[in-house]
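Here's the structure we're looking at; comments come further down.
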Amino acid sequence: LGAGTWGMALARMLCVSGNDVQVWSALPAEVENLSATRVHPNLPGMKIPEELQFTKSIEEVCTGKDVLLFAVPSVFVRSTTAKARPYIPDGQILVDVAYTMTEVIADELNKEGGPKNAKLVALSGPTHAEEVALDMPTTIVSACPDEAAAEYVQEVFSNTCMRVYTNADIKGVELSGALKNVIALGVGISTGLGYGATARAALIPRGI
């Protein structure tokens with residue numbers, strides 16, 4: 001769910017890894033454009049595989065899937081979850097890639113008509129959509145207190161370019177994903193001031 005840069009980079013990666021992937025967007029024009037052109041305007045160099053399917057129906061994208069990936073902007077996570085809630089089956093594995101949004105998703109799913117025993121997994125790490133789109137190596141963490149769910153997501157998302165680790169601490173992983181951006185800003189400021197590699201090497205571990 002979501003056809004932005006991160007959603008499409010992961011969708012393309014999962015498709016290339018041999019999975020059947022379907023992408024939904026709340027914007028019909030975006031679905032039509034991506035389906036027709038097979039390129040994303042903000043991911044230069046990435047070709048969307050012909051096997052990757054698109055849909056304008058949130059019911060269709062939520063039906064009969066092993067994993068539902070929530071890759072919508074944070075501000076739309078609650079409203080998208082509310083729209084999807086009636087169509088998400090009991091026991092569904094849901095993967096969230098927006099920082100600290102699993103609690104929002106859980107809150108919406110727990111309302112009347114929501115699925116029972118849904119497994120919420122946070123997927124977070126030092127990952128850039130534009131690099132994942134080009135199969136550059138990176139790592140990421142699949143976090144869930146349900147070990148089997150975390151390991152299932154680990155298996156689905158692992159390939160020759162992405163190393164996936166597991167962790168039981170969803171909140172810790174989500175907060176670390178946000179914190180590393182603050183450290184990155186500090187490193188960028190340091191670089192802009194001309195302080196060099198040793199300052200960067202000090203800022204990163206001290207920040208962590």
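By convention here, the chains of the structure tokens are called A, B, ... in the order presented, each chain's residues are numbered starting at 1, and ligands are numbered starting at 1 in the order presented.
Look at segment 172-180 of chain A: the protein and nucleic acid residues within 6 Å of it, using only C-alpha atoms and passing over chain neighbours fewer than 5 places away, are A:Tyr99, A:Thr100, A:Ser124, A:Gly125.
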Q: List every residue of segment 30-176 of chain A that DSSP, applied to the backbone of this structure, assigns to strand (DSSP E), and report them as a PyMOL selection string.
A: chain A and resi 53-55+67-70+93-96+119-124+138-143+162-167
Since we have the selection now, will you write its residues out, keeping C-alpha atoms, as a PDB file, in the first residue's frame?
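Generated output (result-v2.pdb):
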```
ATOM      1  CA  GLN A  53       0.796  -5.488 -10.885  1.00  0.00           C
ATOM      2  CA  PHE A  54      -1.039  -2.302  -9.934  1.00  0.00           C
ATOM      3  CA  THR A  55      -4.551  -1.778  -8.590  1.00  0.00           C
ATOM      4  CA  VAL A  67       2.202  -9.867   3.573  1.00  0.00           C
ATOM      5  CA  LEU A  68       0.665  -6.387   3.490  1.00  0.00           C
ATOM      6  CA  LEU A  69       3.312  -3.672   3.277  1.00  0.00           C
ATOM      7  CA  PHE A  70       2.287  -0.230   4.558  1.00  0.00           C
ATOM      8  CA  ILE A  93       1.098 -10.132   8.669  1.00  0.00           C
ATOM      9  CA  LEU A  94       1.439  -6.368   8.191  1.00  0.00           C
ATOM     10  CA  VAL A  95       4.796  -4.688   7.622  1.00  0.00           C
ATOM     11  CA  ASP A  96       5.149  -0.984   8.389  1.00  0.00           C
ATOM     12  CA  LYS A 119       0.905  -9.563  13.256  1.00  0.00           C
ATOM     13  CA  LEU A 120       2.480  -6.099  13.033  1.00  0.00           C
ATOM     14  CA  VAL A 121       6.130  -5.957  11.974  1.00  0.00           C
ATOM     15  CA  ALA A 122       8.279  -2.813  11.846  1.00  0.00           C
ATOM     16  CA  LEU A 123      10.863  -2.810   9.048  1.00  0.00           C
ATOM     17  CA  SER A 124      13.536  -0.175   9.549  1.00  0.00           C
ATOM     18  CA  THR A 138      22.172  -2.575   2.667  1.00  0.00           C
ATOM     19  CA  THR A 139      20.789  -4.012   5.907  1.00  0.00           C
ATOM     20  CA  ILE A 140      17.422  -3.674   7.625  1.00  0.00           C
ATOM     21  CA  VAL A 141      15.678  -4.996  10.750  1.00  0.00           C
ATOM     22  CA  SER A 142      12.416  -6.947  10.933  1.00  0.00           C
ATOM     23  CA  ALA A 143      11.027  -6.198  14.401  1.00  0.00           C
ATOM     24  CA  MET A 162      19.527  -6.802   1.452  1.00  0.00           C
ATOM     25  CA  ARG A 163      20.551  -8.466   4.705  1.00  0.00           C
ATOM     26  CA  VAL A 164      17.609  -8.651   7.128  1.00  0.00           C
ATOM     27  CA  TYR A 165      18.053  -9.039  10.890  1.00  0.00           C
ATOM     28  CA  THR A 166      15.308  -9.754  13.435  1.00  0.00           C
ATOM     29  CA  ASN A 167      14.510  -8.096  16.740  1.00  0.00           C
TER      30      ASN A 167
END
```
Q) Which residue gives the smallest distance to Asn42 of chain A among A:Met13, A:Ala129, A:Ile58, A:Ile204, with only C-alpha atoms counted? A)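 Ranked by minimum distance to Asn42 of chain A, first place goes to A:Ala129.
Closest to Lys171 of chain A among A:Thr102, A:Asn159, A:Asn33, A:Thr81 is A:Thr102, based on only C-alpha atoms.
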Q: Write out as a list in words each polymer residue whose atoms come within 10 Å of Leu14 of chain A, counting only C-alpha atoms; drop sequence neighbours fewer than 4 positions from it.
A: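 Within the cut-off, the hits are Met8, Ala9, Leu10, Gly18, Asn19, Asp20, Val21, Leu52, Val156, Phe157, Ser158 and Asn159 of chain A.
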**Q.** Long-range neighbours of Glu50 of chain A as a PyMOL selection string, 12 Å cut-off, only C-alpha atoms, 5 positions minimum in chain
**A.** chain A and resi 12+15-16+20-22+34-39
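Our summary of the geometry notes that atom CA of Ile170 of chain A is positioned 9.7 Å from atom CA of Glu103 of chain A.
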